file my_file-v8.pdb (PDB, C-alpha atoms)
MODEL        1
ATOM      1  CA  MET A   1     -25.812  30.290  13.345
ATOM      2  CA  PRO A   2     -29.066  28.434  12.616
ATOM      3  CA  ILE A   3     -30.365  28.825   9.063
ATOM      4  CA  ASP A   4     -33.981  29.400   8.083
ATOM      5  CA  PRO A   5     -34.746  26.459   5.699
ATOM      6  CA  ASP A   6     -37.222  28.596   3.701
ATOM      7  CA  THR A   7     -34.979  31.586   3.010
ATOM      8  CA  ASP A   8     -31.444  30.182   3.641
ATOM      9  CA  ALA A   9     -30.853  33.328   5.632
ATOM     10  CA  GLU A  10     -29.266  33.267   9.046
ATOM     11  CA  ILE A  11     -31.747  33.514  11.876
ATOM     12  CA  THR A  12     -30.663  36.585  13.735
ATOM     13  CA  ASP A  13     -33.743  37.398  15.721
ATOM     14  CA  GLU A  14     -32.709  37.204  19.355
ATOM     15  CA  ALA A  15     -35.880  35.555  20.580
ATOM     16  CA  THR A  16     -35.678  32.890  17.881
ATOM     17  CA  GLU A  17     -32.052  32.173  18.722
ATOM     18  CA  LYS A  18     -32.956  31.846  22.375
ATOM     19  CA  ARG A  19     -35.781  29.446  21.543
ATOM     20  CA  TYR A  20     -33.451  27.377  19.307
ATOM     21  CA  ARG A  21     -30.893  27.054  22.109
ATOM     22  CA  GLU A  22     -33.599  26.090  24.573
ATOM     23  CA  LEU A  23     -34.764  23.322  22.246
ATOM     24  CA  VAL A  24     -31.204  21.977  21.865
ATOM     25  CA  ASP A  25     -30.699  22.080  25.659
ATOM     26  CA  THR A  26     -33.980  20.197  26.135
ATOM     27  CA  VAL A  27     -32.957  17.452  23.694
ATOM     28  CA  VAL A  28     -29.564  17.045  25.369
ATOM     29  CA  ARG A  29     -31.163  16.954  28.830
ATOM     30  CA  GLN A  30     -33.736  14.367  27.725
ATOM     31  CA  TRP A  31     -31.030  12.232  26.101
ATOM     32  CA  ASN A  32     -28.897  12.340  29.268
ATOM     33  CA  ASP A  33     -31.920  11.455  31.438
ATOM     34  CA  LEU A  34     -32.794   8.484  29.205
ATOM     35  CA  GLU A  35     -29.180   7.317  29.193
ATOM     36  CA  ALA A  36     -28.936   7.561  33.002
ATOM     37  CA  ALA A  37     -32.190   5.585  33.301
ATOM     38  CA  GLY A  38     -30.733   2.849  31.080
ATOM     39  CA  ASP A  39     -33.191   3.371  28.242
ATOM     40  CA  ARG A  40     -32.103   1.012  25.439
ATOM     41  CA  SER A  41     -33.068   3.410  22.678
ATOM     42  CA  VAL A  42     -30.110   5.693  23.509
ATOM     43  CA  GLN A  43     -27.603   2.957  24.395
ATOM     44  CA  LEU A  44     -25.044   1.326  22.149
ATOM     45  CA  SER A  45     -26.364  -2.011  20.897
ATOM     46  CA  ALA A  46     -25.146  -5.267  22.414
ATOM     47  CA  GLU A  47     -23.346  -6.019  19.141
ATOM     48  CA  VAL A  48     -21.447  -2.728  19.249
ATOM     49  CA  LEU A  49     -20.546  -3.167  22.926
ATOM     50  CA  THR A  50     -19.259  -6.686  22.234
ATOM     51  CA  GLY A  51     -17.248  -5.410  19.287
ATOM     52  CA  LEU A  52     -15.719  -2.684  21.423
ATOM     53  CA  LYS A  53     -14.790  -5.079  24.236
ATOM     54  CA  ASP A  54     -13.261  -7.569  21.785
ATOM     55  CA  ALA A  55     -11.281  -4.792  20.124
ATOM     56  CA  VAL A  56      -9.938  -3.537  23.452
ATOM     57  CA  ARG A  57      -8.887  -7.072  24.461
ATOM     58  CA  ALA A  58      -7.235  -7.597  21.061
ATOM     59  CA  ASP A  59      -5.484  -4.235  21.314
ATOM     60  CA  ALA A  60      -4.041  -5.170  24.713
ATOM     61  CA  ARG A  61      -2.879  -8.526  23.366
ATOM     62  CA  HIS A  62      -1.323  -7.085  20.209
ATOM     63  CA  GLY A  63       0.556  -4.297  21.958
ATOM     64  CA  PRO A  64       1.358  -0.996  20.277
ATOM     65  CA  GLN A  65       1.704  -0.592  16.543
ATOM     66  CA  VAL A  66       5.282  -0.195  15.303
ATOM     67  CA  GLU A  67       6.219   1.869  12.265
ATOM     68  CA  MET A  68       7.776  -0.055   9.383
ATOM     69  CA  PRO A  69       9.576   1.163   6.229
ATOM     70  CA  PRO A  70       6.789   1.877   3.724
ATOM     71  CA  THR A  71       6.268  -0.369   0.746
ATOM     72  CA  ASP A  72       6.158   1.139  -2.718
ATOM     73  CA  ALA A  73       2.362   0.998  -2.380
ATOM     74  CA  GLY A  74       1.951   2.810   0.924
ATOM     75  CA  PRO A  75       2.653   3.025   4.678
ATOM     76  CA  TRP A  76       2.213   0.192   7.119
ATOM     77  CA  THR A  77       2.717  -0.760  10.720
ATOM     78  CA  THR A  78       2.866  -4.014  12.592
ATOM     79  CA  SER A  79       1.879  -4.922  16.110
ATOM     80  CA  GLU A  80       4.588  -5.575  18.662
ATOM     81  CA  LEU A  81       3.117  -9.066  19.025
ATOM     82  CA  ALA A  82       3.680  -9.820  15.321
ATOM     83  CA  LEU A  83       7.196  -8.422  15.517
ATOM     84  CA  ARG A  84       7.992 -10.606  18.501
ATOM     85  CA  THR A  85       6.569 -13.647  16.692
ATOM     86  CA  LEU A  86       8.843 -13.116  13.704
ATOM     87  CA  VAL A  87      11.961 -12.674  15.833
ATOM     88  CA  ARG A  88      11.168 -15.693  17.999
ATOM     89  CA  HIS A  89      10.634 -17.811  14.915
ATOM     90  CA  ALA A  90      14.010 -16.713  13.539
ATOM     91  CA  VAL A  91      15.744 -17.552  16.829
ATOM     92  CA  ASP A  92      14.061 -20.959  17.193
ATOM     93  CA  ALA A  93      15.142 -21.851  13.658
ATOM     94  CA  VAL A  94      18.817 -21.644  14.718
ATOM     95  CA  PRO A  95      20.048 -25.101  15.773
ATOM     96  CA  ASP A  96      20.698 -25.328  19.533
ATOM     97  CA  ALA A  97      18.902 -22.060  20.292
ATOM     98  CA  LEU A  98      15.541 -21.485  21.968
ATOM     99  CA  SER A  99      13.971 -18.086  22.300
ATOM    100  CA  LEU A 100      13.048 -17.091  25.859
ATOM    101  CA  ARG A 101      12.110 -13.444  25.574
ATOM    102  CA  THR A 102      12.471 -10.660  23.035
ATOM    103  CA  SER A 103      12.303  -6.928  23.677
ATOM    104  CA  PHE A 104      12.683  -3.860  21.507
ATOM    105  CA  ASP A 105      13.922  -0.282  21.801
ATOM    106  CA  TYR A 106      12.197   2.069  19.432
ATOM    107  CA  ALA A 107      12.919   5.357  17.758
ATOM    108  CA  ASP A 108      10.458   8.133  18.555
ATOM    109  CA  GLY A 109       7.121   7.619  16.861
ATOM    110  CA  GLU A 110       3.940   9.585  16.223
ATOM    111  CA  GLY A 111       1.108   9.449  18.684
ATOM    112  CA  ARG A 112       0.612   5.940  20.018
ATOM    113  CA  THR A 113       2.620   4.362  17.195
ATOM    114  CA  ARG A 114       6.164   3.393  18.109
ATOM    115  CA  GLY A 115       8.980   4.387  15.781
ATOM    116  CA  ARG A 116      11.075   1.760  14.012
ATOM    117  CA  PRO A 117      12.989  -0.633  16.256
ATOM    118  CA  ASP A 118      16.611   0.455  16.646
ATOM    119  CA  ARG A 119      17.636  -2.274  19.088
ATOM    120  CA  ILE A 120      16.406  -5.841  19.516
ATOM    121  CA  THR A 121      17.345  -7.792  22.638
ATOM    122  CA  CYS A 122      17.038 -11.583  22.373
ATOM    123  CA  ARG A 123      17.216 -13.638  25.555
ATOM    124  CA  ILE A 124      17.808 -17.256  24.630
ATOM    125  CA  SER A 125      18.518 -20.684  25.993
ATOM    126  CA  ALA A 126      21.421 -22.667  24.511
ATOM    127  CA  SER A 127      21.614 -26.418  24.160
ATOM    128  CA  THR A 128      24.103 -28.090  26.507
ATOM    129  CA  ARG A 129      25.646 -29.661  23.413
ATOM    130  CA  THR A 130      26.542 -26.322  21.900
ATOM    131  CA  PRO A 131      30.298 -26.449  21.245
ATOM    132  CA  ASN A 132      30.746 -22.697  20.912
ATOM    133  CA  LEU A 133      28.427 -20.277  22.697
ATOM    134  CA  PRO A 134      29.786 -17.085  21.075
ATOM    135  CA  ALA A 135      29.277 -18.668  17.646
ATOM    136  CA  LEU A 136      25.726 -19.569  18.643
ATOM    137  CA  GLY A 137      25.104 -15.986  19.682
ATOM    138  CA  GLU A 138      26.436 -14.768  16.363
ATOM    139  CA  ALA A 139      24.244 -17.229  14.463
ATOM    140  CA  VAL A 140      21.190 -15.945  16.321
ATOM    141  CA  ARG A 141      22.154 -12.366  15.575
ATOM    142  CA  THR A 142      22.527 -13.150  11.865
ATOM    143  CA  ALA A 143      19.222 -15.016  11.757
ATOM    144  CA  VAL A 144      17.324 -12.141  13.357
ATOM    145  CA  ALA A 145      18.971  -9.560  11.100
ATOM    146  CA  THR A 146      18.101 -11.646   8.028
ATOM    147  CA  ALA A 147      14.492 -12.030   9.152
ATOM    148  CA  CYS A 148      14.182  -8.267   9.685
ATOM    149  CA  GLN A 149      15.500  -7.587   6.206
ATOM    150  CA  ASP A 150      13.602 -10.343   4.370
ATOM    151  CA  GLU A 151      10.242  -9.985   6.128
ATOM    152  CA  LEU A 152      10.118  -6.287   6.932
ATOM    153  CA  ALA A 153      12.841  -4.538   4.862
ATOM    154  CA  LEU A 154      14.057  -3.310   8.249
ATOM    155  CA  ALA A 155      17.759  -2.636   7.913
ATOM    156  CA  ALA A 156      20.296  -3.306  10.627
ATOM    157  CA  PRO A 157      18.830  -2.623  14.035
ATOM    158  CA  ALA A 158      21.366  -3.346  16.768
ATOM    159  CA  ILE A 159      20.824  -6.909  18.003
ATOM    160  CA  ASP A 160      21.892  -8.025  21.476
ATOM    161  CA  VAL A 161      21.893 -11.718  22.338
ATOM    162  CA  HIS A 162      21.874 -12.829  25.958
ATOM    163  CA  ILE A 163      22.300 -16.538  26.713
ATOM    164  CA  GLU A 164      20.408 -16.922  29.971
ATOM    165  CA  ASP A 165      19.761 -20.619  30.241
ATOM    166  CA  LEU A 166      20.934 -24.030  29.129
ATOM    167  CA  HIS A 167      18.673 -26.849  28.042
ATOM    168  CA  GLU A 168      19.115 -30.515  27.241
ATOM    169  CA  ARG A 169      18.461 -31.376  23.628
TER     170      ARG A 169
ATOM    171  CA  MET B   1     -33.617   7.963  -3.314
ATOM    172  CA  SER B   2     -32.217   5.139  -1.169
ATOM    173  CA  ALA B   3     -28.534   4.234  -1.116
ATOM    174  CA  ASP B   4     -29.303   0.892  -2.804
ATOM    175  CA  GLU B   5     -31.188   2.605  -5.641
ATOM    176  CA  THR B   6     -28.250   4.948  -6.180
ATOM    177  CA  ALA B   7     -25.831   2.001  -6.411
ATOM    178  CA  ASP B   8     -28.157   0.147  -8.832
ATOM    179  CA  GLN B   9     -28.400   3.187 -11.078
ATOM    180  CA  THR B  10     -24.622   3.519 -11.224
ATOM    181  CA  THR B  11     -24.215  -0.177 -12.055
ATOM    182  CA  ASP B  12     -26.926  -0.100 -14.715
ATOM    183  CA  ARG B  13     -25.385   2.881 -16.463
ATOM    184  CA  THR B  14     -21.962   1.271 -16.467
ATOM    185  CA  ALA B  15     -23.334  -2.008 -17.854
ATOM    186  CA  ALA B  16     -25.608  -0.503 -20.540
ATOM    187  CA  GLY B  17     -23.300   2.307 -21.707
ATOM    188  CA  THR B  18     -26.012   4.713 -22.840
ATOM    189  CA  PRO B  19     -29.237   4.934 -20.785
ATOM    190  CA  ASP B  20     -32.432   3.944 -22.593
ATOM    191  CA  THR B  21     -34.457   7.124 -23.160
ATOM    192  CA  SER B  22     -37.296   5.600 -25.141
ATOM    193  CA  ALA B  23     -39.600   5.300 -22.102
ATOM    194  CA  GLU B  24     -40.865   8.361 -20.296
ATOM    195  CA  VAL B  25     -38.807   8.829 -17.158
ATOM    196  CA  PRO B  26     -38.526  11.877 -14.959
ATOM    197  CA  SER B  27     -35.291  13.816 -15.560
ATOM    198  CA  GLN B  28     -32.754  13.143 -12.844
ATOM    199  CA  VAL B  29     -29.268  14.323 -11.981
ATOM    200  CA  PRO B  30     -26.882  11.372 -12.648
ATOM    201  CA  ALA B  31     -26.082   9.689  -9.329
ATOM    202  CA  GLU B  32     -22.623  10.357  -7.949
ATOM    203  CA  PRO B  33     -20.787   7.136  -7.098
ATOM    204  CA  THR B  34     -20.498   6.647  -3.347
ATOM    205  CA  LEU B  35     -19.023   4.077  -1.039
ATOM    206  CA  GLN B  36     -21.735   1.531  -0.287
ATOM    207  CA  PRO B  37     -21.902  -1.439   2.034
ATOM    208  CA  THR B  38     -21.577  -3.704  -1.013
ATOM    209  CA  THR B  39     -18.311  -1.950  -1.913
ATOM    210  CA  SER B  40     -16.894  -2.575   1.542
ATOM    211  CA  ASP B  41     -18.053  -6.220   1.545
ATOM    212  CA  ARG B  42     -16.266  -6.640  -1.755
ATOM    213  CA  LEU B  43     -13.151  -4.965  -0.312
ATOM    214  CA  VAL B  44     -13.036  -7.499   2.505
ATOM    215  CA  GLY B  45     -13.101 -10.258  -0.109
ATOM    216  CA  VAL B  46     -10.349  -8.508  -2.049
ATOM    217  CA  VAL B  47      -8.150  -8.369   1.070
ATOM    218  CA  THR B  48      -8.723 -11.954   2.178
ATOM    219  CA  ALA B  49      -8.027 -13.189  -1.376
ATOM    220  CA  VAL B  50      -4.427 -11.926  -1.206
ATOM    221  CA  PRO B  51      -2.086 -14.902  -0.693
ATOM    222  CA  GLY B  52      -0.603 -14.736   2.770
ATOM    223  CA  VAL B  53      -3.605 -13.088   4.431
ATOM    224  CA  SER B  54      -5.390 -15.363   6.887
ATOM    225  CA  GLY B  55      -8.128 -12.829   7.585
ATOM    226  CA  ILE B  56      -9.263  -9.404   8.696
ATOM    227  CA  GLU B  57      -8.329  -8.898  12.353
ATOM    228  CA  PRO B  58     -10.073  -5.800  13.724
ATOM    229  CA  GLY B  59      -8.279  -3.571  16.177
ATOM    230  CA  ILE B  60      -9.461  -0.667  18.249
ATOM    231  CA  ALA B  61      -8.820   1.885  15.468
ATOM    232  CA  THR B  62     -11.206   0.456  12.900
ATOM    233  CA  THR B  63     -13.737  -0.642  15.523
ATOM    234  CA  VAL B  64     -14.142   2.918  16.756
ATOM    235  CA  GLY B  65     -14.114   4.104  13.135
ATOM    236  CA  ALA B  66     -16.900   1.668  12.241
ATOM    237  CA  ILE B  67     -19.074   2.866  15.116
ATOM    238  CA  ASP B  68     -18.401   6.493  14.201
ATOM    239  CA  ALA B  69     -19.292   5.891  10.535
ATOM    240  CA  ARG B  70     -22.569   4.199  11.494
ATOM    241  CA  LEU B  71     -23.546   7.054  13.780
ATOM    242  CA  ARG B  72     -22.694   9.723  11.206
ATOM    243  CA  ARG B  73     -24.100   7.737   8.243
ATOM    244  CA  SER B  74     -21.624   9.429   5.928
ATOM    245  CA  PRO B  75     -21.892   8.263   2.284
ATOM    246  CA  ASP B  76     -18.221   9.090   1.683
ATOM    247  CA  ARG B  77     -16.877   7.088   4.571
ATOM    248  CA  TYR B  78     -17.478   3.427   5.002
ATOM    249  CA  ALA B  79     -16.159   1.481   7.895
ATOM    250  CA  ARG B  80     -16.539  -2.021   9.193
ATOM    251  CA  TYR B  81     -14.528  -3.821  11.806
ATOM    252  CA  GLY B  82     -11.050  -4.215  10.329
ATOM    253  CA  LEU B  83     -11.500  -1.952   7.305
ATOM    254  CA  VAL B  84     -12.169   1.782   7.033
ATOM    255  CA  VAL B  85     -12.287   3.720   3.779
ATOM    256  CA  ASP B  86     -12.578   7.513   3.867
ATOM    257  CA  ALA B  87     -13.197   9.067   0.452
ATOM    258  CA  ASP B  88     -12.923  12.599   1.891
ATOM    259  CA  THR B  89      -9.295  12.132   2.910
ATOM    260  CA  GLY B  90      -8.474   9.507   0.271
ATOM    261  CA  THR B  91      -7.223   7.048   2.868
ATOM    262  CA  ALA B  92      -8.021   3.544   3.996
ATOM    263  CA  THR B  93      -6.968   1.494   7.003
ATOM    264  CA  VAL B  94      -6.931  -2.291   6.847
ATOM    265  CA  GLU B  95      -6.135  -4.516   9.827
ATOM    266  CA  VAL B  96      -5.069  -8.038   8.940
ATOM    267  CA  ALA B  97      -3.688 -11.269  10.286
ATOM    268  CA  LEU B  98      -1.095 -13.034   8.145
ATOM    269  CA  ASP B  99      -0.428 -16.745   7.814
ATOM    270  CA  GLY B 100       3.371 -16.586   7.468
ATOM    271  CA  THR B 101       3.536 -18.295   4.064
ATOM    272  CA  ARG B 102       5.049 -15.259   2.354
ATOM    273  CA  PRO B 103       7.286 -12.381   3.493
ATOM    274  CA  VAL B 104       5.228  -9.914   5.485
ATOM    275  CA  ARG B 105       6.235  -6.917   3.400
ATOM    276  CA  GLU B 106       5.213  -8.541   0.125
ATOM    277  CA  VAL B 107       1.781  -9.415   1.484
ATOM    278  CA  VAL B 108       1.309  -5.896   2.799
ATOM    279  CA  ALA B 109       2.178  -4.363  -0.585
ATOM    280  CA  ASP B 110      -0.241  -6.716  -2.367
ATOM    281  CA  VAL B 111      -3.043  -5.786   0.042
ATOM    282  CA  GLN B 112      -2.397  -2.093  -0.520
ATOM    283  CA  ARG B 113      -2.455  -2.474  -4.296
ATOM    284  CA  ALA B 114      -5.539  -4.688  -4.277
ATOM    285  CA  VAL B 115      -7.586  -2.317  -2.092
ATOM    286  CA  ALA B 116      -6.496   0.771  -4.042
ATOM    287  CA  ALA B 117      -7.420  -0.906  -7.336
ATOM    288  CA  ALA B 118     -10.806  -2.063  -6.048
ATOM    289  CA  VAL B 119     -11.734   1.420  -4.777
ATOM    290  CA  ALA B 120     -10.484   2.985  -8.027
ATOM    291  CA  GLU B 121     -13.038   0.850  -9.889
ATOM    292  CA  VAL B 122     -15.868   2.450  -7.897
ATOM    293  CA  GLY B 123     -14.795   5.882  -9.129
ATOM    294  CA  VAL B 124     -15.276   7.942  -5.950
ATOM    295  CA  LEU B 125     -11.759   9.329  -5.815
ATOM    296  CA  ASP B 126      -9.778  11.703  -7.996
ATOM    297  CA  GLU B 127      -6.441  10.557  -6.539
ATOM    298  CA  PRO B 128      -5.233   6.987  -5.844
ATOM    299  CA  LEU B 129      -6.265   5.727  -2.428
ATOM    300  CA  ARG B 130      -3.572   5.741   0.241
ATOM    301  CA  VAL B 131      -3.880   2.410   2.041
ATOM    302  CA  HIS B 132      -2.414   1.974   5.517
ATOM    303  CA  VAL B 133      -2.067  -1.667   6.532
ATOM    304  CA  ARG B 134      -1.806  -2.674  10.168
ATOM    305  CA  VAL B 135      -0.478  -6.192  10.625
ATOM    306  CA  GLN B 136      -2.026  -7.434  13.861
ATOM    307  CA  SER B 137      -0.595 -10.925  14.058
ATOM    308  CA  VAL B 138       1.509 -13.409  12.107
ATOM    309  CA  THR B 139       1.254 -17.163  12.287
ATOM    310  CA  THR B 140       4.546 -18.902  11.685
ATOM    311  CA  PRO B 141       4.746 -22.532  10.571
ATOM    312  CA  GLY B 142       4.669 -24.755  13.635
ATOM    313  CA  ILE B 143       4.015 -21.868  16.003
ATOM    314  CA  THR B 144       0.753 -19.972  16.524
ATOM    315  CA  HIS B 145       0.801 -16.614  18.260
ATOM    316  CA  GLY B 146      -1.853 -13.925  18.645
TER     317      GLY B 146
ENDMDL
END
call {"tool": "encode", "arguments": {"input": "my_file-v8.pdb", "output": "structure tokens"}}
result
Amino acid sequence: MPIDPDTDAEITDEATEKRYRELVDTVVRQWNDLEAAGDRSVQLSAEVLTGLKDAVRADARHGPQVEMPPTDAGPWTTSELALRTLVRHAVDAVPDALSLRTSFDYADGEGRTRGRPDRITCRISASTRTPNLPALGEAVRTAVATACQDELALAAPAIDVHIEDLHER
Amino acid sequence: MSADETADQTTDRTAAGTPDTSAEVPSQVPAEPTLQPTTSDRLVGVVTAVPGVSGIEPGIATTVGAIDARLRRSPDRYARYGLVVDADTGTATVEVALDGTRPVREVVADVQRAVAAAVAEVGVLDEPLRVHVRVQSVTTPGITHG
């Protein structure tokens, strides 16, 4: 209910209420007309529009946010892009292995945030000089598990390693 | 009284201890501390000073929050691209890019502690600030992604 600024009492007179609503309707109608006509005074500034567009592009590039185990100082999340970067780096650090593609299965999360990863699938290429492909797969699995623990305190997601290609090195 | 005058009053009282009453001044209610643009600028510096942080990297969440805060002009909520502090709810959101020189989790914890400590110095909150960090990208040595 509108308040009379002089008395702090609610304005209950029907005619006054009606007039108040008419004024609000007029303002809204005028604002909409100005906006439809492209009047700059009711538009978002160029700076704001640029910021919004950049943020949307960045959001698409980063992918969804993924829940992580909280630190002792508070909660945090990481983008799927950052997660993929860390895993790929761990794979590429294994001799004779090259990361091709990494994907994640997630636990249920809240809203648009994905839950913690419970399965990581690493598709890799192995060097033609690799003497033991199963051992290479195991080394990749260990490297990814270590990176998850050391970087993220993320304990033991299931890690699948698929050797999909061979490369000369 | 403008927001800048309010901030100056708070700073002057803190620096001087007891206000000088020898000159005739109109009686005033002591200014409540509020989040000011200078506070948020300082917070950005606090975040980027943490080893392992390569910079603030705004995402859609804080961008929309920054626009909302500007439209509402709330003194208890300050937002800029990449960093939103809401004194009403006692929460903050910080979006960062990391440089990969330290474990991600350690950097995140340091950012949370640094921001909470910096806001505690302003004195707007009764409870410690709850800082949510969103890591947007990580650069790893020899590889750049994001």
call {"tool": "closest_atom_pairs", "arguments": {"input": "my_file-v8.pdb", "of": "chain B", "to": "chain A", "cutoff": "10 Å", "atoms": "only C-alpha atoms", "output": "CSV"}}
result
residue,atom,partner,partner_atom,distance
B:Glu57,CA,A:Ala58,CA,8.9
B:Pro58,CA,A:Ala55,CA,6.6
B:Gly59,CA,A:Ala55,CA,5.1
B:Ile60,CA,A:Ala55,CA,4.9
B:Ala61,CA,A:Ala55,CA,8.5
B:Thr62,CA,A:Ala55,CA,8.9
B:Thr63,CA,A:Leu52,CA,6.6
B:Val64,CA,A:Leu52,CA,7.5
B:Ala66,CA,A:Val48,CA,9.4
B:Ile67,CA,A:Val48,CA,7.3
B:Tyr81,CA,A:Gly51,CA,8.1
B:Gly82,CA,A:Ala55,CA,9.8
B:Thr93,CA,A:Trp76,CA,9.3
B:Val94,CA,A:Trp76,CA,9.5
B:Glu95,CA,A:Thr78,CA,9.4
B:Val96,CA,A:Thr78,CA,9.6
B:Ala97,CA,A:Ala82,CA,9.0
B:Leu98,CA,A:Ala82,CA,9.2
B:Gly100,CA,A:Leu86,CA,9.0
B:Arg102,CA,A:Glu151,CA,8.3
B:Pro103,CA,A:Glu151,CA,4.6
B:Val104,CA,A:Glu151,CA,5.1
B:Arg105,CA,A:Leu152,CA,5.3
B:Glu106,CA,A:Glu151,CA,8.0
B:Val107,CA,A:Glu151,CA,9.7
B:Val108,CA,A:Trp76,CA,7.5
B:Ala109,CA,A:Ala73,CA,5.7
B:Asp110,CA,A:Ala73,CA,8.1
B:Val111,CA,A:Ala73,CA,9.0
B:Gln112,CA,A:Ala73,CA,6.0
B:Arg113,CA,A:Ala73,CA,6.2
B:Ala114,CA,A:Ala73,CA,9.9
B:Ala116,CA,A:Ala73,CA,9.0
B:Leu129,CA,A:Gly74,CA,9.3
B:Arg130,CA,A:Gly74,CA,6.3
B:Val131,CA,A:Gly74,CA,6.0
B:His132,CA,A:Trp76,CA,5.2
B:Val133,CA,A:Trp76,CA,4.7
B:Arg134,CA,A:Thr77,CA,4.9
B:Val135,CA,A:Thr78,CA,4.4
B:Gln136,CA,A:Ser79,CA,5.2
B:Ser137,CA,A:Ala82,CA,4.6
B:Val138,CA,A:Ala82,CA,5.3
B:Thr139,CA,A:Thr85,CA,7.7
B:Thr140,CA,A:His89,CA,7.0
B:Pro141,CA,A:His89,CA,8.7
B:Gly142,CA,A:His89,CA,9.2
B:Ile143,CA,A:His89,CA,7.8
B:Thr144,CA,A:Thr85,CA,8.6
B:His145,CA,A:Thr85,CA,6.7
B:Gly146,CA,A:Leu81,CA,7.0
call {"tool": "resolve_selection", "arguments": {"input": "my_file-v8.pdb", "expression": "the PyMOL selection byres ((chain B and resi 90) around 12)", "output": "ChimeraX atom specification"}}
result
/B:35,76-78,84-89,91-93,116,119-120,123-132
call {"tool": "residues_around", "arguments": {"input": "my_file-v8.pdb", "residues": "region 124-132 of chain A", "least_positions_apart": "2", "cutoff": "8 Å", "atoms": "only C-alpha atoms", "output": "ChimeraX atom specification"}}
result
/A:96-101,122,134-136,161-169
call {"tool": "resolve_selection", "arguments": {"input": "my_file-v8.pdb", "expression": "the PyMOL selection byres ((chain A and resi 120) around 6)", "output": "VMD selection string"}}
result
chain A and resid 103 to 104 119 121 159
call {"tool": "atom_distance", "arguments": {"input": "my_file-v8.pdb", "atom1": "CA of Gly115 (chain A)", "atom2": "CA of Val144 (chain A)"}}
result
18.7 Å
call {"tool": "closest_residue", "arguments": {"input": "my_file-v8.pdb", "among": "A:Leu34, A:Ala156, A:Ala139, A:Ala145", "to": "Pro95 (chain A)", "atoms": "only C-alpha atoms"}}
result
A:Ala139
call {"tool": "atom_distance", "arguments": {"input": "my_file-v8.pdb", "atom1": "CA of Val47 (chain B)", "atom2": "CA of Glu47 (chain A)"}}
result
23.7 Å
call {"tool": "atom_distance", "arguments": {"input": "my_file-v8.pdb", "atom1": "CA of Ala118 (chain B)", "atom2": "CA of Leu83 (chain B)"}}
result
13.4 Å
call {"tool": "closest_residue", "arguments": {"input": "my_file-v8.pdb", "among": "B:Val44, B:Val122, B:Ala79, B:Val115", "to": "Gly65 (chain B)", "atoms": "all atoms listed in the file"}}
result
B:Ala79
call {"tool": "decode", "arguments": {"input": "my_file-v8.pdb", "residues": "region 121-151 of chain A", "atoms": "C-alpha atoms", "output": "PDB file, in the first residue's frame"}}
result
ATOM      1  CA  THR A 121      36.946 -40.808 -19.203  1.00  0.00           C
ATOM      2  CA  CYS A 122      40.333 -40.134 -20.818  1.00  0.00           C
ATOM      3  CA  ARG A 123      40.747 -40.850 -24.519  1.00  0.00           C
ATOM      4  CA  ILE A 124      44.437 -40.915 -25.337  1.00  0.00           C
ATOM      5  CA  SER A 125      46.962 -41.624 -28.027  1.00  0.00           C
ATOM      6  CA  ALA A 126      49.880 -43.945 -27.220  1.00  0.00           C
ATOM      7  CA  SER A 127      53.360 -43.740 -28.662  1.00  0.00           C
ATOM      8  CA  THR A 128      54.223 -46.544 -31.090  1.00  0.00           C
ATOM      9  CA  ARG A 129      57.257 -47.216 -28.908  1.00  0.00           C
ATOM     10  CA  THR A 130      55.166 -48.025 -25.873  1.00  0.00           C
ATOM     11  CA  PRO A 131      56.240 -51.514 -24.767  1.00  0.00           C
ATOM     12  CA  ASN A 132      53.179 -52.188 -22.630  1.00  0.00           C
ATOM     13  CA  LEU A 133      49.846 -50.539 -23.400  1.00  0.00           C
ATOM     14  CA  PRO A 134      48.014 -51.761 -20.267  1.00  0.00           C
ATOM     15  CA  ALA A 135      50.842 -50.366 -18.127  1.00  0.00           C
ATOM     16  CA  LEU A 136      50.553 -47.066 -19.984  1.00  0.00           C
ATOM     17  CA  GLY A 137      46.837 -46.994 -19.286  1.00  0.00           C
ATOM     18  CA  GLU A 138      47.489 -47.644 -15.622  1.00  0.00           C
ATOM     19  CA  ALA A 139      50.102 -44.885 -15.491  1.00  0.00           C
ATOM     20  CA  VAL A 140      47.602 -42.443 -16.980  1.00  0.00           C
ATOM     21  CA  ARG A 141      44.969 -43.511 -14.485  1.00  0.00           C
ATOM     22  CA  THR A 142      47.380 -42.975 -11.583  1.00  0.00           C
ATOM     23  CA  ALA A 143      48.474 -39.586 -12.900  1.00  0.00           C
ATOM     24  CA  VAL A 144      44.899 -38.343 -13.227  1.00  0.00           C
ATOM     25  CA  ALA A 145      43.939 -39.650  -9.787  1.00  0.00           C
ATOM     26  CA  THR A 146      46.985 -37.942  -8.253  1.00  0.00           C
ATOM     27  CA  ALA A 147      46.174 -34.659  -9.983  1.00  0.00           C
ATOM     28  CA  CYS A 148      42.582 -34.791  -8.712  1.00  0.00           C
ATOM     29  CA  GLN A 149      43.774 -35.347  -5.167  1.00  0.00           C
ATOM     30  CA  ASP A 150      46.672 -32.862  -5.184  1.00  0.00           C
ATOM     31  CA  GLU A 151      44.973 -30.024  -7.073  1.00  0.00           C
TER      32      GLU A 151
END
